[in-house]
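Shown here: target08.txt, compact mmCIF, C-alpha atoms.
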```
# COMPACT_ATOMS: atom_id res chain seq x y z
CA MET Z 11 116.34 51.08 -43.05
CA ASP Z 12 116.61 47.56 -44.41
CA GLN Z 13 117.46 47.15 -48.09
CA PRO Z 14 115.06 45.08 -50.22
CA ALA Z 15 116.02 41.57 -51.25
CA GLU Z 16 118.08 41.67 -54.44
CA PHE Z 17 120.45 39.40 -56.27
CA ARG Z 18 123.01 39.69 -59.05
CA VAL Z 19 124.44 37.01 -61.33
CA ASN Z 20 128.04 37.69 -62.36
CA GLN Z 21 129.57 35.81 -65.25
CA THR Z 22 133.40 35.78 -65.05
CA PRO Z 23 136.09 33.65 -66.71
CA GLU Z 24 136.52 31.87 -63.36
CA GLY Z 25 132.83 30.92 -63.28
CA THR Z 26 129.42 32.17 -62.23
CA THR Z 27 128.83 33.91 -58.93
CA VAL Z 28 125.39 34.70 -57.51
CA SER Z 29 125.42 37.50 -54.94
CA LEU Z 30 122.49 38.21 -52.62
CA THR Z 31 122.00 41.52 -50.84
CA GLY Z 32 119.43 43.16 -48.60
CA LYS Z 33 116.75 41.74 -46.35
CA TRP Z 34 115.77 38.18 -47.34
CA SER Z 35 112.87 37.73 -45.02
CA GLY Z 36 109.22 38.69 -44.73
CA SER Z 37 106.49 38.78 -47.38
CA GLY Z 38 108.57 40.58 -50.00
CA VAL Z 39 110.96 37.69 -50.37
CA ASP Z 40 108.46 35.70 -52.47
CA ASP Z 41 108.92 37.90 -55.56
CA ALA Z 42 112.70 37.93 -55.16
CA GLY Z 43 112.75 34.17 -54.73
CA ARG Z 44 110.63 33.68 -57.87
CA ASP Z 45 112.93 35.96 -59.92
CA LEU Z 46 115.99 34.18 -58.50
CA ALA Z 47 114.58 30.79 -59.55
CA LYS Z 48 113.96 32.05 -63.10
CA SER Z 49 117.48 33.47 -63.36
CA LEU Z 50 119.20 30.34 -62.01
CA ALA Z 51 117.19 28.07 -64.31
CA THR Z 52 119.56 28.86 -67.21
CA VAL Z 53 122.76 29.07 -65.15
CA GLY Z 54 125.20 26.22 -64.75
CA PRO Z 55 127.30 25.56 -61.66
CA PHE Z 56 127.79 28.68 -59.57
CA SER Z 57 129.17 29.90 -56.28
CA LEU Z 58 127.04 31.75 -53.75
CA ASP Z 59 127.99 34.98 -52.06
CA LEU Z 60 125.79 35.94 -49.10
CA SER Z 61 128.10 38.60 -47.67
CA GLY Z 62 125.60 41.36 -48.53
CA VAL Z 63 122.62 39.69 -46.87
CA GLU Z 64 121.42 41.77 -43.94
CA ARG Z 65 118.85 39.25 -42.68
CA MET Z 66 117.59 35.85 -43.76
CA ASP Z 67 114.83 33.65 -42.39
CA THR Z 68 113.86 30.03 -43.04
CA THR Z 69 111.40 30.98 -45.80
CA ALA Z 70 114.08 32.76 -47.77
CA ALA Z 71 116.58 29.99 -47.13
CA TYR Z 72 114.07 27.42 -48.41
CA LEU Z 73 113.39 29.48 -51.56
CA LEU Z 74 117.13 29.81 -52.20
CA ILE Z 75 117.72 26.06 -51.77
CA ARG Z 76 114.77 25.19 -54.06
CA ALA Z 77 116.01 27.64 -56.71
CA ALA Z 78 119.61 26.39 -56.57
CA GLY Z 79 118.76 22.72 -56.41
CA GLU Z 80 121.63 20.26 -56.50
CA ARG Z 81 124.02 22.94 -57.83
CA LEU Z 82 124.24 24.53 -54.38
CA ASP Z 83 127.60 23.84 -52.68
CA LEU Z 84 127.35 24.99 -49.09
CA THR Z 85 131.08 24.51 -48.49
CA ALA Z 86 131.86 27.12 -51.17
CA THR Z 87 129.27 29.62 -49.95
CA GLN Z 88 130.49 32.90 -48.56
CA GLY Z 89 128.63 34.84 -45.87
CA ARG Z 90 128.18 35.35 -42.16
CA PRO Z 91 128.34 32.17 -40.02
CA GLU Z 92 124.73 32.46 -38.84
CA VAL Z 93 123.42 32.74 -42.40
CA ARG Z 94 125.47 29.75 -43.55
CA ARG Z 95 124.33 27.77 -40.51
CA LEU Z 96 120.69 28.56 -41.33
CA LEU Z 97 121.20 27.36 -44.91
CA GLU Z 98 122.76 24.12 -43.67
CA LEU Z 99 119.85 23.44 -41.29
CA VAL Z 100 117.18 24.17 -43.89
CA SER Z 101 119.04 22.14 -46.53
CA LYS Z 102 119.33 19.17 -44.16
CA ALA Z 103 115.64 19.36 -43.26
CA THR Z 104 114.60 19.73 -46.91
CA ASN Z 105 116.67 16.82 -48.16
CA ALA Z 106 115.85 14.54 -45.24
CA ARG Z 107 114.08 11.39 -46.33
CA VAL Z 108 110.97 10.43 -44.43
CA ARG Z 109 111.28 6.89 -43.23
CA GLU Z 110 108.11 4.96 -43.86
CA LYS Z 111 107.09 3.15 -40.72
CA LEU Z 112 106.17 -0.40 -41.58
CA PRO Z 113 103.10 -1.80 -39.83
CA PRO Z 114 103.90 -4.46 -37.23
CA ARG Z 115 103.45 -8.02 -38.41
CA GLY Z 116 103.71 -11.51 -37.06
CA PHE Z 117 105.09 -11.89 -33.55
CA HIS Z 118 105.50 -8.12 -33.14
CA GLU Z 119 101.84 -7.51 -33.93
CA MET Z 120 100.80 -10.32 -31.57
CA THR Z 121 102.81 -8.87 -28.67
CA ILE Z 122 101.28 -5.44 -29.27
CA ARG Z 123 97.77 -6.88 -29.19
CA ILE Z 124 98.49 -8.89 -26.06
CA GLY Z 125 99.95 -5.82 -24.35
CA ARG Z 126 96.95 -3.68 -25.25
CA GLY Z 127 94.62 -6.42 -24.05
CA VAL Z 128 96.40 -6.69 -20.70
CA ILE Z 129 96.33 -2.91 -20.21
CA GLU Z 130 92.65 -2.76 -21.16
CA LEU Z 131 91.85 -5.62 -18.79
CA TRP Z 132 93.68 -3.92 -15.93
CA ARG Z 133 91.91 -0.62 -16.66
CA GLU Z 134 88.56 -2.44 -16.72
CA PHE Z 135 89.36 -4.06 -13.38
CA ILE Z 136 90.22 -0.72 -11.78
CA ASP Z 137 87.04 0.92 -13.14
CA THR Z 138 84.96 -2.01 -11.88
CA MET Z 139 86.48 -1.75 -8.40
CA VAL Z 140 85.75 2.00 -8.36
CA PHE Z 141 82.15 1.32 -9.38
CA VAL Z 142 81.71 -1.41 -6.74
CA GLY Z 143 83.26 0.79 -4.06
CA HIS Z 144 80.96 3.69 -4.88
CA LEU Z 145 77.93 1.38 -4.93
CA LEU Z 146 78.85 -0.10 -1.52
CA VAL Z 147 79.14 3.39 -0.07
CA VAL Z 148 75.69 4.30 -1.41
CA LEU Z 149 74.31 0.97 -0.13
CA GLY Z 150 75.63 1.64 3.37
CA ARG Z 151 74.33 5.20 3.24
CA SER Z 152 70.87 3.89 2.22
CA ILE Z 153 70.81 1.43 5.12
CA VAL Z 154 71.69 4.16 7.61
CA ARG Z 155 69.23 6.66 6.11
CA PRO Z 156 66.40 4.69 4.44
CA GLN Z 157 64.25 7.83 4.22
CA LYS Z 158 66.65 9.14 1.54
CA VAL Z 159 66.03 6.14 -0.74
CA ARG Z 160 63.89 6.81 -3.81
CA TRP Z 161 61.34 4.12 -3.05
CA ALA Z 162 58.98 5.18 -5.84
CA ALA Z 163 61.70 4.53 -8.42
CA CYS Z 164 62.55 1.22 -6.76
CA PHE Z 165 58.95 -0.04 -6.93
CA SER Z 166 58.50 1.20 -10.50
CA LEU Z 167 61.71 -0.53 -11.67
CA ALA Z 168 60.77 -3.69 -9.76
CA GLU Z 169 57.47 -3.79 -11.62
CA ARG Z 170 59.15 -3.31 -15.00
CA ALA Z 171 61.95 -5.77 -14.35
CA GLY Z 172 59.87 -8.29 -12.40
CA LEU Z 173 56.16 -8.44 -13.25
CA ASP Z 174 56.69 -7.62 -16.92
CA ALA Z 175 59.26 -10.41 -17.20
CA VAL Z 176 57.06 -13.13 -15.65
CA PRO Z 177 55.48 -14.32 -18.94
CA ILE Z 178 58.76 -14.80 -20.81
CA VAL Z 179 60.52 -16.38 -17.82
CA ALA Z 180 57.62 -18.76 -17.14
CA THR Z 181 57.24 -19.74 -20.80
CA THR Z 182 60.94 -20.37 -21.34
CA SER Z 183 61.28 -22.35 -18.10
CA PHE Z 184 58.19 -24.41 -18.98
CA PHE Z 185 59.74 -25.53 -22.28
CA ILE Z 186 63.13 -26.14 -20.66
CA GLY Z 187 61.46 -28.41 -18.09
CA ALA Z 188 59.58 -30.19 -20.85
CA VAL Z 189 62.76 -30.73 -22.90
CA VAL Z 190 64.62 -32.10 -19.87
CA GLY Z 191 61.67 -34.44 -19.24
CA LEU Z 192 61.66 -35.70 -22.83
CA LEU Z 193 65.42 -36.31 -22.86
CA GLY Z 194 65.25 -38.02 -19.46
CA VAL Z 195 62.40 -40.32 -20.45
CA ASN Z 196 63.94 -41.29 -23.80
CA THR Z 197 67.40 -41.89 -22.32
CA LEU Z 198 66.39 -43.70 -19.11
CA ARG Z 199 63.85 -45.89 -20.92
CA GLN Z 200 66.76 -47.82 -22.47
CA PHE Z 201 67.69 -48.95 -18.95
CA GLY Z 202 64.14 -49.47 -17.76
CA ALA Z 203 64.55 -46.58 -15.31
CA GLU Z 204 62.30 -43.96 -16.89
CA VAL Z 205 60.74 -43.21 -13.50
CA PHE Z 206 64.02 -41.56 -12.52
CA SER Z 207 63.31 -38.87 -15.11
CA VAL Z 208 61.23 -37.23 -12.36
CA ASP Z 209 64.37 -36.98 -10.21
CA LEU Z 210 66.30 -35.62 -13.20
CA ILE Z 211 63.68 -32.95 -13.84
CA GLY Z 212 63.61 -31.97 -10.16
CA ILE Z 213 67.37 -31.65 -9.78
CA ALA Z 214 67.90 -29.88 -13.11
CA VAL Z 215 65.12 -27.36 -12.63
CA LEU Z 216 65.48 -26.72 -8.89
CA ARG Z 217 69.26 -26.48 -8.88
CA GLU Z 218 70.30 -24.99 -12.21
CA PHE Z 219 67.79 -24.11 -14.88
CA ASN Z 220 65.45 -21.96 -12.78
CA ILE Z 221 68.08 -19.39 -11.83
CA VAL Z 222 70.17 -19.64 -15.00
CA ILE Z 223 67.20 -19.17 -17.33
CA ALA Z 224 65.79 -16.30 -15.26
CA ALA Z 225 69.20 -14.60 -15.00
CA ILE Z 226 70.03 -14.92 -18.71
CA LEU Z 227 66.64 -13.56 -19.73
CA LEU Z 228 67.08 -10.62 -17.36
CA ALA Z 229 70.60 -10.07 -18.69
CA GLY Z 230 69.16 -9.61 -22.17
CA ARG Z 231 66.15 -7.66 -20.99
CA SER Z 232 66.99 -5.61 -17.91
CA ALA Z 233 70.77 -5.15 -18.24
CA SER Z 234 70.38 -3.78 -21.77
CA ALA Z 235 67.48 -1.57 -20.64
CA PHE Z 236 69.51 -0.19 -17.72
CA ALA Z 237 72.49 0.53 -19.98
CA ALA Z 238 70.27 2.23 -22.60
CA GLU Z 239 68.36 4.34 -20.05
CA ILE Z 240 71.41 5.57 -18.16
CA GLY Z 241 73.41 5.94 -21.37
CA SER Z 242 70.71 8.10 -22.96
CA MET Z 243 70.65 10.31 -19.88
CA LYS Z 244 74.41 10.68 -20.07
CA MET Z 245 74.25 11.54 -23.79
CA ASN Z 246 71.69 14.25 -23.02
CA GLN Z 247 73.93 15.55 -20.21
CA GLU Z 248 71.20 14.88 -17.65
CA ILE Z 249 73.73 13.12 -15.39
CA ASP Z 250 75.99 16.19 -15.59
CA ALA Z 251 73.00 18.28 -14.56
CA MET Z 252 72.46 15.96 -11.57
CA LEU Z 253 76.05 16.46 -10.48
CA VAL Z 254 75.68 20.23 -10.80
CA LEU Z 255 72.56 20.08 -8.60
CA GLY Z 256 74.39 17.98 -6.00
CA ILE Z 257 72.52 14.72 -6.78
CA ASP Z 258 74.60 11.55 -6.74
CA PRO Z 259 73.74 9.48 -9.87
CA PHE Z 260 74.46 6.32 -7.90
CA GLU Z 261 71.72 7.22 -5.41
CA ALA Z 262 69.25 8.38 -8.06
CA LEU Z 263 69.89 5.84 -10.85
CA VAL Z 264 72.09 2.91 -9.84
CA PHE Z 265 70.77 2.01 -6.38
CA PRO Z 266 67.04 1.83 -7.37
CA ARG Z 267 67.89 -0.58 -10.21
CA PHE Z 268 70.16 -2.60 -7.94
CA ALA Z 269 67.43 -2.86 -5.26
CA ALA Z 270 64.74 -3.67 -7.82
CA LEU Z 271 66.64 -6.65 -9.24
CA LEU Z 272 67.65 -7.80 -5.76
CA VAL Z 273 63.96 -8.28 -4.99
CA THR Z 274 62.65 -9.48 -8.34
CA VAL Z 275 65.29 -12.04 -9.36
CA PRO Z 276 64.49 -14.45 -6.44
CA LEU Z 277 60.78 -14.08 -7.22
CA LEU Z 278 61.36 -14.77 -10.92
CA THR Z 279 63.53 -17.74 -9.97
CA PHE Z 280 60.62 -19.14 -7.95
CA VAL Z 281 58.27 -18.60 -10.91
CA ALA Z 282 60.78 -20.33 -13.21
CA THR Z 283 60.93 -23.25 -10.77
CA LEU Z 284 57.16 -23.75 -10.83
CA ALA Z 285 56.98 -23.40 -14.62
CA GLY Z 286 59.88 -25.81 -15.20
CA LEU Z 287 58.39 -28.45 -12.89
CA PHE Z 288 55.02 -28.01 -14.58
CA GLY Z 289 56.60 -28.60 -17.99
CA GLY Z 290 58.33 -31.74 -16.76
CA LEU Z 291 55.13 -32.89 -15.06
CA LEU Z 292 53.14 -32.66 -18.28
CA ILE Z 293 55.75 -34.70 -20.17
CA THR Z 294 55.99 -37.49 -17.57
CA TRP Z 295 52.21 -37.51 -17.17
CA SER Z 296 51.56 -37.79 -20.91
CA ILE Z 297 54.31 -40.33 -21.70
CA LEU Z 298 54.75 -42.35 -18.51
CA GLY Z 299 51.30 -41.87 -17.01
CA VAL Z 300 52.87 -40.45 -13.82
CA GLY Z 301 50.25 -38.31 -12.13
CA PRO Z 302 50.82 -34.97 -10.40
CA ALA Z 303 50.55 -36.47 -6.91
CA PHE Z 304 53.23 -39.11 -7.62
CA PHE Z 305 55.40 -36.55 -9.41
CA LEU Z 306 55.35 -34.06 -6.54
CA GLN Z 307 55.72 -36.74 -3.86
CA ARG Z 308 58.79 -38.19 -5.64
CA ILE Z 309 60.27 -34.69 -5.92
CA LEU Z 310 59.79 -34.21 -2.16
CA ASP Z 311 61.15 -37.64 -1.24
CA ASN Z 312 64.10 -38.02 -3.61
CA VAL Z 313 65.12 -34.46 -4.52
CA GLY Z 314 64.28 -32.57 -1.35
CA PRO Z 315 64.48 -28.86 -0.54
CA THR Z 316 68.29 -28.73 -0.58
CA HIS Z 317 68.50 -28.33 -4.37
CA PHE Z 318 65.81 -25.65 -4.25
CA TRP Z 319 67.73 -23.57 -1.72
CA ILE Z 320 70.96 -24.09 -3.65
CA GLY Z 321 69.31 -22.58 -6.72
CA MET Z 322 67.77 -19.74 -4.73
CA SER Z 323 71.08 -18.92 -3.06
CA LYS Z 324 72.48 -17.84 -6.44
CA ALA Z 325 69.66 -15.36 -7.09
CA PRO Z 326 70.98 -12.35 -5.08
CA VAL Z 327 74.44 -12.72 -6.64
CA MET Z 328 73.00 -12.91 -10.14
CA ALA Z 329 70.80 -9.88 -9.43
CA ALA Z 330 73.76 -7.81 -8.22
CA VAL Z 331 75.86 -8.78 -11.24
CA ILE Z 332 73.13 -8.02 -13.81
CA ALA Z 333 72.26 -4.66 -12.25
CA GLY Z 334 75.89 -3.70 -11.74
CA ILE Z 335 76.98 -4.53 -15.28
CA GLY Z 336 73.97 -2.81 -16.86
CA CYS Z 337 74.36 0.39 -14.84
CA ARG Z 338 78.12 0.52 -15.23
CA GLN Z 339 77.97 0.15 -19.00
CA GLY Z 340 75.35 2.91 -19.08
CA LEU Z 341 77.62 5.26 -17.13
CA GLU Z 342 80.46 4.54 -19.58
CA VAL Z 343 78.47 5.76 -22.61
CA GLY Z 344 80.12 8.60 -24.51
CA GLY Z 345 78.48 11.41 -26.41
CA ASP Z 346 77.36 9.56 -29.56
CA VAL Z 347 74.82 6.93 -30.53
CA GLU Z 348 77.55 4.50 -31.62
CA SER Z 349 78.93 4.47 -28.09
CA LEU Z 350 75.43 3.85 -26.72
CA GLY Z 351 74.90 0.85 -28.99
CA ARG Z 352 78.32 -0.54 -28.18
CA ARG Z 353 77.75 -0.25 -24.42
CA VAL Z 354 74.28 -1.81 -24.58
CA THR Z 355 75.72 -4.78 -26.48
CA ALA Z 356 78.58 -5.02 -23.99
CA ALA Z 357 76.09 -5.02 -21.10
CA VAL Z 358 74.28 -8.07 -22.49
CA VAL Z 359 77.46 -9.94 -23.40
CA HIS Z 360 79.25 -9.23 -20.12
CA ALA Z 361 76.18 -10.07 -18.03
CA THR Z 362 75.61 -13.37 -19.85
CA PHE Z 363 79.27 -14.34 -19.54
CA ALA Z 364 79.29 -13.40 -15.84
CA ILE Z 365 76.15 -15.48 -15.17
CA ILE Z 366 77.64 -18.61 -16.73
CA MET Z 367 80.95 -18.10 -14.93
CA ILE Z 368 79.28 -17.49 -11.54
CA ASP Z 369 77.08 -20.56 -11.99
CA ALA Z 370 80.19 -22.65 -12.67
CA LEU Z 371 81.89 -21.23 -9.57
CA PHE Z 372 78.82 -22.04 -7.47
CA ALA Z 373 78.82 -25.58 -8.86
CA LEU Z 374 82.47 -26.04 -7.82
CA LEU Z 375 81.80 -24.50 -4.40
CA TYR Z 376 78.81 -26.72 -3.63
CA MET Z 377 80.69 -29.76 -4.93
CA GLU Z 378 83.48 -29.02 -2.46
CA MET Z 379 80.83 -28.61 0.27
CA ASP Z 380 79.35 -31.98 -0.77
CA LEU Z 381 75.95 -30.44 -1.49
```
Mind turning the file's structure into structure tokens?
Amino acid sequence: MDQPAEFRVNQTPEGTTVSLTGKWSGSGVDDAGRDLAKSLATVGPFSLDLSGVERMDTTAAYLLIRAAGERLDLTATQGRPEVRRLLELVSKATNARVREKLPPRGFHEMTIRIGRGVIELWREFIDTMVFVGHLLVVLGRSIVRPQKVRWAACFSLAERAGLDAVPIVATTSFFIGAVVGLLGVNTLRQFGAEVFSVDLIGIAVLREFNIVIAAILLAGRSASAFAAEIGSMKMNQEIDAMLVLGIDPFEALVFPRFAALLVTVPLLTFVATLAGLFGGLLITWSILGVGPAFFLQRILDNVGPTHFWIGMSKAPVMAAVIAGIGCRQGLEVGGDVESLGRRVTAAVVHATFAIIMIDALFALLYMEMDL
């Protein structure tokens, strides 16, 4: 049977010796350690004798080191090697100073931020490629088996993203056409060439502003709506339920939105074209006295259909980008409202940035093609 933890303080002419005996481990060591600390509080330098210790654990070793304090000389301690080794380890760990890690500053901080940005960009690229690959597979599957497509959802989303957006797209394009007409008339009048403002309106509206205005408005309207709808379903674990039931979320949620925008963006671009030309027509008619017949005939003769088809050629690309970014951000939503808000904001920002970048790339491409 193990002996309880006990100690004895011996005062001799050669000095003070503290002897420990028994089992210095387990719950009972707390009382012994407390008594030992009280006894050693009034004792000067002493030597430690652990020859009578049957067992010692880290708790008891820590209590002994705390009670002895700086008066403990491990080199003068007597006892079994394993007990002395335990005391040395606990003493080293107790007296070890925690090094405070200084926050990175200056060039170090900049390199860390750049590294994290590069890793995040690469991760974003990989996730985007996975999303595009999955969407292409679903697209091919829908072409092969059109009876599996959820046409009701496609028509419903096309109505929400297309017909409901006609007023705001038409109004915005009308004012853009009017502003271009005003600037053209005021600028070209200095050279006596204000009639060329009709050409300026035609080129600007047919080639750039119709698709850019329609795409940016849909980026703020439809991309955010797609991200919020899909994100809310993910928060409520409805997408997980779809997966359990064997329903592919890309077929049920992503493809209908992708198809809806693929149809509605060209139509909205055409509406924006008519509204922009009408705005420019009113300005030139009211300021220059150029009638609708002259305005339209000059557009046909000097601008031509090429600029119209150049603007319309960007519509399917813009539609795919807006739908893809909105749906992808919705699928990335986590389990909280903060994540939903962050992803909806990211959908609008990313879609707007992508539209401007794609429009610039198209401009460079058509310039190289001399169009």
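Atom pair atom CA of Z:Arg126 / atom CA of Z:Gly143: separated by 25.6 Å.
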List the residues sitting within 12 Å of (64.8, -9.5, -7.1) in the file's frame, using all atoms listed in the file, as an mmCIF file with C-alpha atoms, in the frame of the given file.
```cif
data_model
loop_
_atom_site.group_PDB
_atom_site.id
_atom_site.type_symbol
_atom_site.label_atom_id
_atom_site.label_comp_id
_atom_site.auth_asym_id
_atom_site.auth_seq_id
_atom_site.Cartn_x
_atom_site.Cartn_y
_atom_site.Cartn_z
ATOM 1 C CA CYS Z 164 62.550 1.220 -6.760
ATOM 2 C CA PHE Z 165 58.950 -0.040 -6.930
ATOM 3 C CA LEU Z 167 61.710 -0.530 -11.670
ATOM 4 C CA ALA Z 168 60.770 -3.690 -9.760
ATOM 5 C CA GLU Z 169 57.470 -3.790 -11.620
ATOM 6 C CA ARG Z 170 59.150 -3.310 -15.000
ATOM 7 C CA ALA Z 171 61.950 -5.770 -14.350
ATOM 8 C CA GLY Z 172 59.870 -8.290 -12.400
ATOM 9 C CA LEU Z 173 56.160 -8.440 -13.250
ATOM 10 C CA ALA Z 175 59.260 -10.410 -17.200
ATOM 11 C CA ILE Z 221 68.080 -19.390 -11.830
ATOM 12 C CA ALA Z 224 65.790 -16.300 -15.260
ATOM 13 C CA ALA Z 225 69.200 -14.600 -15.000
ATOM 14 C CA LEU Z 228 67.080 -10.620 -17.360
ATOM 15 C CA SER Z 232 66.990 -5.610 -17.910
ATOM 16 C CA PRO Z 266 67.040 1.830 -7.370
ATOM 17 C CA ARG Z 267 67.890 -0.580 -10.210
ATOM 18 C CA PHE Z 268 70.160 -2.600 -7.940
ATOM 19 C CA ALA Z 269 67.430 -2.860 -5.260
ATOM 20 C CA ALA Z 270 64.740 -3.670 -7.820
ATOM 21 C CA LEU Z 271 66.640 -6.650 -9.240
ATOM 22 C CA LEU Z 272 67.650 -7.800 -5.760
ATOM 23 C CA VAL Z 273 63.960 -8.280 -4.990
ATOM 24 C CA THR Z 274 62.650 -9.480 -8.340
ATOM 25 C CA VAL Z 275 65.290 -12.040 -9.360
ATOM 26 C CA PRO Z 276 64.490 -14.450 -6.440
ATOM 27 C CA LEU Z 277 60.780 -14.080 -7.220
ATOM 28 C CA LEU Z 278 61.360 -14.770 -10.920
ATOM 29 C CA THR Z 279 63.530 -17.740 -9.970
ATOM 30 C CA PHE Z 280 60.620 -19.140 -7.950
ATOM 31 C CA VAL Z 281 58.270 -18.600 -10.910
ATOM 32 C CA MET Z 322 67.770 -19.740 -4.730
ATOM 33 C CA LYS Z 324 72.480 -17.840 -6.440
ATOM 34 C CA ALA Z 325 69.660 -15.360 -7.090
ATOM 35 C CA PRO Z 326 70.980 -12.350 -5.080
ATOM 36 C CA VAL Z 327 74.440 -12.720 -6.640
ATOM 37 C CA MET Z 328 73.000 -12.910 -10.140
ATOM 38 C CA ALA Z 329 70.800 -9.880 -9.430
ATOM 39 C CA ALA Z 330 73.760 -7.810 -8.220
ATOM 40 C CA VAL Z 331 75.860 -8.780 -11.240
ATOM 41 C CA ILE Z 332 73.130 -8.020 -13.810
ATOM 42 C CA ALA Z 333 72.260 -4.660 -12.250
#
```
Inset, instruction - Tell me which of Z:Ile211, Z:Val358, Z:Leu60, Z:Cys337 sits closest to Z:Pro259, counting all atoms listed in the file. - result: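 Residue with the minimum atom-to-atom distance to Z:Pro259: Z:Cys337.
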Legend entry - Polymer residues at most 10 Å from stretch 31-40 of chain Z, only C-alpha atoms, same-chain spacing of 2 or more positions, as an NGL selection string: :Z and (11-18 or 29 or 42-46 or 59-71 or 73-74)
Legend entry - Pairwise distance for atom CA of Z:Glu342 and atom CA of Z:Ile122, rounded to one decimal in Å: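 Interatomic distance here is 25.0 Å.
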Inset, instruction - Excluding Z:Gly351 and residues on its chain fewer than 4 positions from it, collect all residues at most 10 Å away from it, counting only C-alpha atoms, and give them as a ChimeraX atom specification. - result: /Z:234,237-238,241,343,346-347,355-357
Save out the residues we just selected, C-alpha atoms, as a compact mmCIF listing (two decimals), in the coordinates of the input.
```txt
# COMPACT_ATOMS: atom_id res chain seq x y z
CA SER Z 234 70.38 -3.78 -21.77
CA ALA Z 237 72.49 0.53 -19.98
CA ALA Z 238 70.27 2.23 -22.60
CA GLY Z 241 73.41 5.94 -21.37
CA VAL Z 343 78.47 5.76 -22.61
CA ASP Z 346 77.36 9.56 -29.56
CA VAL Z 347 74.82 6.93 -30.53
CA THR Z 355 75.72 -4.78 -26.48
CA ALA Z 356 78.58 -5.02 -23.99
CA ALA Z 357 76.09 -5.02 -21.10
```
Inset, instruction - May I have the residues within 12 Å of Z:Tyr376 as a ChimeraX atom specification, using only C-alpha atoms and disregarding those fewer than 2 positions away in the same chain? - result: /Z:217,316-317,319-321,323-324,369-374,378-381
Legend entry - Separation of atom CA of Z:Arg76 from atom CA of Z:Val100 in Å: 10.5 Å
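When the distance limit is 9 Å and all atoms listed in the file are what count, the residues near stretch 287-294 of chain Z, minus those fewer than 5 positions from it on the same chain, are Ser183, Phe184, Phe185, Ile186, Gly187, Ala188, Val189, Val190, Gly191, Leu192, Val195, Val205, Ser207, Val208, Ile211, Gly212, Val215, Leu216, Ala282, Gly299, Val300, Gly301, Pro302, Phe305 and Leu306 of chain Z.
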Could you write those residues out with C-alpha atoms, as a short mmCIF file (atom, residue, chain, number, x, y, z; two decimals), keeping the file's coordinate frame?
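Contents of the output file again-v4.cif:
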```cif
data_model
loop_
_atom_site.label_atom_id
_atom_site.label_comp_id
_atom_site.auth_asym_id
_atom_site.auth_seq_id
_atom_site.Cartn_x
_atom_site.Cartn_y
_atom_site.Cartn_z
CA SER Z 183 61.28 -22.35 -18.10
CA PHE Z 184 58.19 -24.41 -18.98
CA PHE Z 185 59.74 -25.53 -22.28
CA ILE Z 186 63.13 -26.14 -20.66
CA GLY Z 187 61.46 -28.41 -18.09
CA ALA Z 188 59.58 -30.19 -20.85
CA VAL Z 189 62.76 -30.73 -22.90
CA VAL Z 190 64.62 -32.10 -19.87
CA GLY Z 191 61.67 -34.44 -19.24
CA LEU Z 192 61.66 -35.70 -22.83
CA VAL Z 195 62.40 -40.32 -20.45
CA VAL Z 205 60.74 -43.21 -13.50
CA SER Z 207 63.31 -38.87 -15.11
CA VAL Z 208 61.23 -37.23 -12.36
CA ILE Z 211 63.68 -32.95 -13.84
CA GLY Z 212 63.61 -31.97 -10.16
CA VAL Z 215 65.12 -27.36 -12.63
CA LEU Z 216 65.48 -26.72 -8.89
CA ALA Z 282 60.78 -20.33 -13.21
CA GLY Z 299 51.30 -41.87 -17.01
CA VAL Z 300 52.87 -40.45 -13.82
CA GLY Z 301 50.25 -38.31 -12.13
CA PRO Z 302 50.82 -34.97 -10.40
CA PHE Z 305 55.40 -36.55 -9.41
CA LEU Z 306 55.35 -34.06 -6.54
#
```
Inset, instruction - Extract, using all atoms listed in the file, all DNA, RNA and protein residues at most 12 Å from Z:Asp250, discarding same-chain residues fewer than 6 positions from it, and format them as a VMD selection string. - result: chain Z and resid 240 243 to 244 256 to 259 341
Legend entry - Nearest residue to Z:Ser349 from the set Z:Val159, Z:Ile335, Z:Leu112, Z:Met245 (distances using only C-alpha atoms): Z:Met245
Inset, instruction - Select, from Z:Ala251, Z:Ile124, Z:Met367, Z:Ala77, the residue with the minimum atom-to-atom distance to Z:Ser101, counting all atoms listed in the file. - result: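 Checking each of Z:Ala251, Z:Ile124, Z:Met367, Z:Ala77 against Z:Ser101, counting all atoms listed in the file, the winner is Z:Ala77.
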Legend entry - Nearest to Z:Lys48, chosen from Z:Leu30, Z:Val19, Z:Leu253, Z:Leu198, with only C-alpha atoms counted in the distances: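 With only C-alpha atoms as the atom set, the closest residue is Z:Val19.
Of the residues under consideration (Z:Ala203, Z:Ala262, Z:Ile309, Z:Ala180), Z:Ala180 shows the shortest atom-to-atom contact distance to Z:Ile223 when counting all atoms listed in the file.
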